[in-house]
file target39.txt (compact mmCIF, C-alpha atoms)
# COMPACT_ATOMS: atom_id res chain seq x y z
CA MET A 1 80.85 69.06 101.43
CA MET A 2 78.87 72.24 101.98
CA HIS A 3 76.37 72.76 99.16
CA TYR A 4 75.52 76.21 97.85
CA LYS A 5 71.87 76.06 98.98
CA PHE A 6 72.92 75.35 102.57
CA PHE A 7 75.65 77.99 102.45
CA SER A 8 73.23 80.55 101.00
CA ALA A 9 70.67 79.62 103.66
CA LEU A 10 73.20 80.38 106.42
CA ILE A 11 73.83 83.86 105.01
CA GLY A 12 70.07 84.31 104.70
CA VAL A 13 69.61 83.35 108.36
CA ALA A 14 72.25 85.90 109.34
CA LEU A 15 70.47 88.55 107.25
CA LEU A 16 67.14 87.65 108.87
CA ALA A 17 68.71 87.84 112.34
CA VAL A 18 70.23 91.27 111.70
CA THR A 19 66.99 92.56 110.18
CA SER A 20 65.04 91.28 113.20
CA LEU A 21 67.46 92.94 115.61
CA ALA A 22 67.20 96.20 113.67
CA ALA A 23 63.40 95.98 113.81
CA ILE A 24 63.51 95.40 117.58
CA ALA A 25 65.82 98.39 117.96
CA TYR A 26 63.55 100.56 115.83
CA VAL A 27 60.36 99.64 117.72
CA PHE A 28 61.54 99.13 121.29
CA GLN A 29 64.78 101.02 121.73
CA PRO A 30 65.08 103.49 124.63
CA THR A 31 63.88 107.06 124.37
CA ASP A 32 67.27 108.32 125.55
CA LEU A 33 68.87 109.68 122.36
CA GLU A 34 72.40 108.84 123.53
CA ARG A 35 71.52 105.14 123.79
CA GLN A 36 69.50 104.86 120.59
CA MET A 37 70.88 103.14 117.51
CA THR A 38 71.25 105.48 114.58
CA PRO A 39 69.67 104.66 111.21
CA GLY A 40 73.18 104.06 109.89
CA GLN A 41 73.91 101.49 112.60
CA MET A 42 70.70 99.69 111.73
CA ALA A 43 71.09 99.81 107.96
CA ALA A 44 74.82 99.10 107.51
CA PRO A 45 74.82 95.40 108.57
CA ILE A 46 71.67 94.73 106.53
CA ILE A 47 73.21 96.31 103.42
CA CYS A 48 76.50 94.45 103.92
CA LEU A 49 74.79 91.08 104.32
CA SER A 50 72.54 91.73 101.31
CA LEU A 51 75.64 92.49 99.23
CA MET A 52 77.38 89.34 100.54
CA TRP A 53 74.34 87.27 99.57
CA ALA A 54 74.27 88.85 96.10
CA VAL A 55 78.02 88.31 95.58
CA ALA A 56 77.74 84.68 96.71
CA ALA A 57 74.89 84.12 94.23
CA TRP A 58 76.88 85.75 91.41
CA ILE A 59 79.97 83.65 92.14
CA GLU A 60 77.87 80.49 92.24
CA ARG A 61 76.55 81.29 88.76
CA ARG A 62 80.07 81.91 87.43
CA ARG A 63 81.71 78.99 89.22
CA PRO A 64 79.60 76.51 91.22
CA LEU A 65 80.71 75.85 94.78
CA SER A 66 81.10 72.16 93.93
CA GLU A 67 83.95 73.04 91.55
CA PHE A 68 86.04 74.67 94.29
CA ALA A 69 88.94 72.70 95.69
CA LYS A 70 88.37 71.63 99.29
CA GLY A 71 90.71 74.25 100.75
CA GLU A 72 89.36 76.98 98.47
CA ARG A 73 85.81 76.14 99.47
CA PHE A 74 86.61 76.27 103.18
CA LEU A 75 88.34 79.65 102.81
CA TYR A 76 85.54 81.12 100.69
CA THR A 77 82.63 79.90 102.79
CA GLY A 78 84.50 80.44 106.07
CA SER A 79 85.35 84.05 105.17
CA LEU A 80 81.79 84.96 104.23
CA LEU A 81 80.22 83.17 107.20
CA ALA A 82 82.73 84.75 109.60
CA GLY A 83 81.88 88.16 108.15
CA ALA A 84 78.17 87.45 108.48
CA GLY A 85 78.64 86.29 112.06
CA ILE A 86 80.60 89.38 113.08
CA LEU A 87 77.85 91.61 111.65
CA VAL A 88 75.20 89.78 113.68
CA ILE A 89 77.33 90.05 116.83
CA SER A 90 77.92 93.75 116.19
CA MET A 91 74.22 94.47 115.86
CA ALA A 92 73.34 92.34 118.90
CA LEU A 93 75.97 94.00 121.11
CA THR A 94 74.90 97.49 120.06
CA LEU A 95 71.28 96.61 120.85
CA LEU A 96 72.09 95.06 124.24
CA GLN A 97 74.23 98.03 125.16
CA GLY A 98 71.43 100.41 124.17
CA PHE A 99 69.05 98.62 126.56
CA ASP A 100 71.67 98.63 129.35
CA ILE A 101 71.70 94.82 129.37
CA LEU A 102 75.45 94.89 128.75
CA GLY A 103 77.90 97.51 129.92
CA SER A 104 80.16 99.14 127.36
CA ASP A 105 83.25 97.43 128.83
CA ILE A 106 81.80 93.91 128.49
CA SER A 107 80.45 94.74 125.03
CA ASP A 108 83.87 95.97 123.90
CA ARG A 109 85.57 92.84 125.25
CA ILE A 110 83.12 90.54 123.45
CA TRP A 111 83.61 92.49 120.24
CA GLY A 112 87.39 92.32 120.57
CA VAL A 113 87.39 88.56 121.22
CA ALA A 114 84.98 87.97 118.31
CA THR A 115 87.17 90.02 115.97
CA GLY A 116 90.23 88.06 117.07
CA GLY A 117 88.31 84.84 116.49
CA VAL A 118 87.51 85.87 112.92
CA LEU A 119 91.19 86.62 112.23
CA MET A 120 92.17 83.24 113.70
CA THR A 121 89.59 81.47 111.53
CA LEU A 122 90.84 83.15 108.36
CA GLY A 123 94.46 82.54 109.29
CA ASN A 124 93.73 78.86 109.87
CA LEU A 125 91.86 78.48 106.56
CA THR A 126 94.34 80.37 104.34
CA PRO A 127 97.13 77.74 104.23
CA LYS A 128 94.56 74.99 103.56
CA ALA A 129 93.40 76.81 100.43
CA LEU A 130 96.90 76.84 98.90
CA PRO A 131 98.11 74.14 96.51
CA PRO A 132 100.92 71.81 97.58
CA LEU A 133 104.50 72.91 97.02
CA SER A 134 105.01 70.14 94.47
CA GLU A 135 102.67 71.92 92.05
CA PHE A 136 104.84 75.07 91.95
CA LYS A 137 107.97 75.69 89.95
CA HIS A 138 111.12 76.00 92.02
CA ALA A 139 111.29 79.80 91.63
CA TYR A 140 107.84 80.30 93.08
CA ARG A 141 107.98 77.87 95.96
CA PRO A 142 109.24 80.65 98.27
CA VAL A 143 106.10 82.61 97.34
CA LEU A 144 103.82 79.75 98.37
CA SER A 145 105.83 79.22 101.54
CA HIS A 146 105.46 82.91 102.35
CA MET A 147 101.70 82.76 101.80
CA ARG A 148 101.51 79.95 104.33
CA PHE A 149 103.61 82.03 106.71
CA ALA A 150 101.27 85.00 106.23
CA GLY A 151 98.29 82.77 107.05
CA ALA A 152 100.00 81.65 110.26
CA GLY A 153 100.75 85.30 111.03
CA LEU A 154 97.07 86.17 110.63
CA PHE A 155 96.17 83.35 113.03
CA PHE A 156 98.62 84.54 115.69
CA ALA A 157 97.55 88.16 115.17
CA GLY A 158 93.96 87.12 115.89
CA ALA A 159 94.97 85.07 118.92
CA GLY A 160 96.93 87.99 120.38
CA PHE A 161 94.11 90.40 119.57
CA ALA A 162 91.55 88.26 121.39
CA LEU A 163 93.89 87.63 124.33
CA ALA A 164 94.56 91.35 124.74
CA TRP A 165 90.85 92.07 124.98
CA LEU A 166 90.40 89.22 127.45
CA ALA A 167 93.34 89.81 129.76
CA LEU A 168 94.35 93.49 129.69
CA PRO A 169 92.61 96.27 131.62
CA ILE A 170 89.87 97.70 129.44
CA GLU A 171 91.64 101.06 129.05
CA HIS A 172 94.72 99.33 127.58
CA ALA A 173 93.06 96.46 125.69
CA ASN A 174 92.63 98.19 122.35
CA ARG A 175 96.15 99.63 122.40
CA GLY A 176 97.59 96.24 123.30
CA ALA A 177 95.58 94.43 120.62
CA ILE A 178 96.53 96.90 117.88
CA GLY A 179 100.15 96.93 119.03
CA TRP A 180 100.38 93.13 118.83
CA CYS A 181 98.85 93.10 115.34
CA PHE A 182 101.31 95.80 114.25
CA ILE A 183 104.23 93.64 115.43
CA VAL A 184 102.91 90.63 113.52
CA ILE A 185 102.38 92.73 110.39
CA CYS A 186 105.95 94.01 110.58
CA ILE A 187 107.27 90.44 110.84
CA VAL A 188 105.19 89.39 107.81
CA LEU A 189 106.43 92.44 105.85
CA VAL A 190 110.05 91.56 106.63
CA ARG A 191 109.40 88.01 105.44
CA THR A 192 107.72 89.46 102.32
CA ALA A 193 110.80 91.51 101.48
CA ALA A 194 113.05 88.48 102.01
CA THR A 195 110.81 86.38 99.74
CA VAL A 196 110.88 89.00 96.96
CA LEU A 197 114.68 89.12 97.11
CA ASN A 198 114.88 85.32 97.16
CA VAL A 199 112.66 84.93 94.08
CA ALA A 200 114.63 87.64 92.25
CA ALA A 201 117.88 85.82 93.03
CA ILE A 202 116.45 82.53 91.76
CA GLU A 203 115.26 84.17 88.54
CA ARG A 204 118.69 85.78 87.97
CA ALA A 205 120.39 82.45 88.54
CA LYS A 206 118.08 80.79 85.98
CA LYS A 207 118.88 83.47 83.37
CA CYS A 208 122.61 83.13 83.99
CA GLY A 209 122.24 79.35 83.61
CA HIS A 210 120.81 79.84 80.15
call {"tool": "encode", "arguments": {"input": "target39.txt", "output": "structure tokens"}}
result
Amino acid sequence: MMHYKFFSALIGVALLAVTSLAAIAYVFQPTDLERQMTPGQMAAPIICLSLMWAVAAWIERRRPLSEFAKGERFLYTGSLLAGAGILVISMALTLLQGFDILGSDISDRIWGVATGGVLMTLGNLTPKALPPLSEFKHAYRPVLSHMRFAGAGLFFAGAGFALAWLALPIEHANRGAIGWCFIVICIVLVRTAATVLNVAAIERAKKCGH
């Protein structure tokens, strides 16, 4: 079980890493204005991580992490840590690109794969946070089933997103990644509409039965 102090420490480490990278960029970044990080690029990840830390502390006061169900805890901590990780990666890539250590193409590919990895992580954790079907009334079981389907869709959207950035030519990678995600979203929306109609039919049948 991940305890709050350890979880909070991980977010704090991410905040420290981003702040250190911003300080390096501020002190040592190139004189070429086109390759310099803007104040907004430096400040945004620090502000976001500070807010995440504050929100995590507020939630812990309202509902301790130990009271979360196992699946809930994994989704909550996994989501925040994935967000913290992507902010650190973003800052690091921007800094490396500014110093010409990484080319823009490689930086974009790493960013795309990391983003896909975050989506896959969230998609994998979502179904685990849901209660078992046996705890739901018959009319709402299709809703729970759809939520599991949506989680699987998020996982496959992330996998396709990452694969597009890995395999496609750089000029087509973003279009391919977004196009794949759009297809997955459309499939999930169709399933959503079918679920809404199914639940409505079940509710009508229950009323007629009375």
call {"tool": "residues_around", "arguments": {"input": "target39.txt", "residues": "segment 73-80 of chain A", "least_positions_apart": "3", "cutoff": "7 Å", "atoms": "all atoms listed in the file", "output": "list in words"}}
result
Leu65, Phe68, Ala69, Lys70, Gly83, Ala84, Leu122, Leu125, Thr126 and Ala129 of chain A
call {"tool": "atom_distance", "arguments": {"input": "target39.txt", "atom1": "atom CA of Arg63 of chain A", "atom2": "atom CA of Thr19 of chain A"}}
result
29.0 Å
call {"tool": "closest_residue", "arguments": {"input": "target39.txt", "among": "A:Ala57, A:Ala173, A:Val190, A:Val184", "to": "Gly12 of chain A", "atoms": "only C-alpha atoms"}}
result
A:Ala57
call {"tool": "residues_around", "arguments": {"input": "target39.txt", "residues": "Ala164 of chain A", "least_positions_apart": "3", "cutoff": "9 Å", "atoms": "all atoms listed in the file", "output": "PyMOL selection string"}}
result
chain A and resi 112-113+159-161+167-169+172-177+180
call {"tool": "closest_residue", "arguments": {"input": "target39.txt", "among": "A:Ala150, A:Leu21, A:Leu51, A:Val27", "to": "Leu93 of chain A", "atoms": "only C-alpha atoms"}}
result
A:Leu21
call {"tool": "residues_around", "arguments": {"input": "target39.txt", "residues": "segment 36-46 of chain A", "least_positions_apart": "6", "cutoff": "12 Å", "atoms": "only C-alpha atoms", "output": "PyMOL selection string"}}
result
chain A and resi 11-30+52-53+83-100
call {"tool": "closest_residue", "arguments": {"input": "target39.txt", "among": "A:Asp108, A:Glu72, A:Gly117, A:Pro142", "to": "Glu203 of chain A", "atoms": "all atoms listed in the file"}}
result
A:Pro142
call {"tool": "atom_distance", "arguments": {"input": "target39.txt", "atom1": "atom CA of Ala152 of chain A", "atom2": "atom CA of Leu119 of chain A"}}
result
10.3 Å
call {"tool": "atom_distance", "arguments": {"input": "target39.txt", "atom1": "atom CA of Asp105 of chain A", "atom2": "atom CA of Val118 of chain A"}}
result
20.1 Å
call {"tool": "build_atoms", "arguments": {"input": "target39.txt", "residues": "segment 177-194 of chain A", "atoms": "N, CA, C and O atoms", "output": "PDB file, keeping the file's coordinate frame"}}
result
ATOM      1  N   ALA A 177      95.983  95.263 121.746  1.00  0.00           N
ATOM      2  CA  ALA A 177      95.580  94.430 120.620  1.00  0.00           C
ATOM      3  C   ALA A 177      96.143  94.970 119.308  1.00  0.00           C
ATOM      4  O   ALA A 177      96.695  94.218 118.495  1.00  0.00           O
ATOM      5  N   ILE A 178      96.019  96.284 119.107  1.00  0.00           N
ATOM      6  CA  ILE A 178      96.530  96.900 117.880  1.00  0.00           C
ATOM      7  C   ILE A 178      98.053  96.803 117.832  1.00  0.00           C
ATOM      8  O   ILE A 178      98.644  96.542 116.774  1.00  0.00           O
ATOM      9  N   GLY A 179      98.696  97.011 118.984  1.00  0.00           N
ATOM     10  CA  GLY A 179     100.150  96.930 119.030  1.00  0.00           C
ATOM     11  C   GLY A 179     100.655  95.545 118.655  1.00  0.00           C
ATOM     12  O   GLY A 179     101.631  95.396 117.914  1.00  0.00           O
ATOM     13  N   TRP A 180      99.982  94.504 119.166  1.00  0.00           N
ATOM     14  CA  TRP A 180     100.380  93.130 118.830  1.00  0.00           C
ATOM     15  C   TRP A 180     100.211  92.867 117.341  1.00  0.00           C
ATOM     16  O   TRP A 180     101.088  92.281 116.693  1.00  0.00           O
ATOM     17  N   CYS A 181      99.078  93.293 116.777  1.00  0.00           N
ATOM     18  CA  CYS A 181      98.850  93.100 115.340  1.00  0.00           C
ATOM     19  C   CYS A 181      99.898  93.839 114.516  1.00  0.00           C
ATOM     20  O   CYS A 181     100.349  93.335 113.474  1.00  0.00           O
ATOM     21  N   PHE A 182     100.297  95.024 114.971  1.00  0.00           N
ATOM     22  CA  PHE A 182     101.310  95.800 114.250  1.00  0.00           C
ATOM     23  C   PHE A 182     102.643  95.038 114.234  1.00  0.00           C
ATOM     24  O   PHE A 182     103.330  95.005 113.199  1.00  0.00           O
ATOM     25  N   ILE A 183     102.996  94.424 115.361  1.00  0.00           N
ATOM     26  CA  ILE A 183     104.230  93.640 115.430  1.00  0.00           C
ATOM     27  C   ILE A 183     104.183  92.475 114.444  1.00  0.00           C
ATOM     28  O   ILE A 183     105.138  92.215 113.694  1.00  0.00           O
ATOM     29  N   VAL A 184     103.050  91.766 114.428  1.00  0.00           N
ATOM     30  CA  VAL A 184     102.910  90.630 113.520  1.00  0.00           C
ATOM     31  C   VAL A 184     102.985  91.078 112.065  1.00  0.00           C
ATOM     32  O   VAL A 184     103.645  90.441 111.226  1.00  0.00           O
ATOM     33  N   ILE A 185     102.339  92.204 111.749  1.00  0.00           N
ATOM     34  CA  ILE A 185     102.380  92.730 110.390  1.00  0.00           C
ATOM     35  C   ILE A 185     103.807  93.070 109.972  1.00  0.00           C
ATOM     36  O   ILE A 185     104.224  92.786 108.837  1.00  0.00           O
ATOM     37  N   CYS A 186     104.555  93.670 110.883  1.00  0.00           N
ATOM     38  CA  CYS A 186     105.950  94.010 110.580  1.00  0.00           C
ATOM     39  C   CYS A 186     106.766  92.753 110.291  1.00  0.00           C
ATOM     40  O   CYS A 186     107.589  92.738 109.356  1.00  0.00           O
ATOM     41  N   ILE A 187     106.553  91.701 111.066  1.00  0.00           N
ATOM     42  CA  ILE A 187     107.270  90.440 110.840  1.00  0.00           C
ATOM     43  C   ILE A 187     106.920  89.871 109.468  1.00  0.00           C
ATOM     44  O   ILE A 187     107.794  89.423 108.714  1.00  0.00           O
ATOM     45  N   VAL A 188     105.628  89.905 109.124  1.00  0.00           N
ATOM     46  CA  VAL A 188     105.190  89.390 107.810  1.00  0.00           C
ATOM     47  C   VAL A 188     105.792  90.240 106.685  1.00  0.00           C
ATOM     48  O   VAL A 188     106.201  89.707 105.651  1.00  0.00           O
ATOM     49  N   LEU A 189     105.854  91.564 106.873  1.00  0.00           N
ATOM     50  CA  LEU A 189     106.430  92.440 105.850  1.00  0.00           C
ATOM     51  C   LEU A 189     107.910  92.157 105.651  1.00  0.00           C
ATOM     52  O   LEU A 189     108.409  92.178 104.514  1.00  0.00           O
ATOM     53  N   VAL A 190     108.629  91.905 106.742  1.00  0.00           N
ATOM     54  CA  VAL A 190     110.050  91.560 106.630  1.00  0.00           C
ATOM     55  C   VAL A 190     110.197  90.254 105.848  1.00  0.00           C
ATOM     56  O   VAL A 190     111.055  90.132 104.964  1.00  0.00           O
ATOM     57  N   ARG A 191     109.363  89.284 106.169  1.00  0.00           N
ATOM     58  CA  ARG A 191     109.400  88.010 105.440  1.00  0.00           C
ATOM     59  C   ARG A 191     109.030  88.227 103.965  1.00  0.00           C
ATOM     60  O   ARG A 191     109.588  87.574 103.074  1.00  0.00           O
ATOM     61  N   THR A 192     108.095  89.151 103.691  1.00  0.00           N
ATOM     62  CA  THR A 192     107.720  89.460 102.320  1.00  0.00           C
ATOM     63  C   THR A 192     108.914  89.995 101.532  1.00  0.00           C
ATOM     64  O   THR A 192     109.176  89.569 100.402  1.00  0.00           O
ATOM     65  N   ALA A 193     109.625  90.944 102.144  1.00  0.00           N
ATOM     66  CA  ALA A 193     110.800  91.510 101.480  1.00  0.00           C
ATOM     67  C   ALA A 193     111.850  90.437 101.217  1.00  0.00           C
ATOM     68  O   ALA A 193     112.446  90.380 100.125  1.00  0.00           O
ATOM     69  N   ALA A 194     112.073  89.559 102.186  1.00  0.00           N
ATOM     70  CA  ALA A 194     113.050  88.480 102.010  1.00  0.00           C
ATOM     71  C   ALA A 194     112.623  87.532 100.890  1.00  0.00           C
ATOM     72  O   ALA A 194     113.451  87.065 100.102  1.00  0.00           O
TER      73      ALA A 194
END
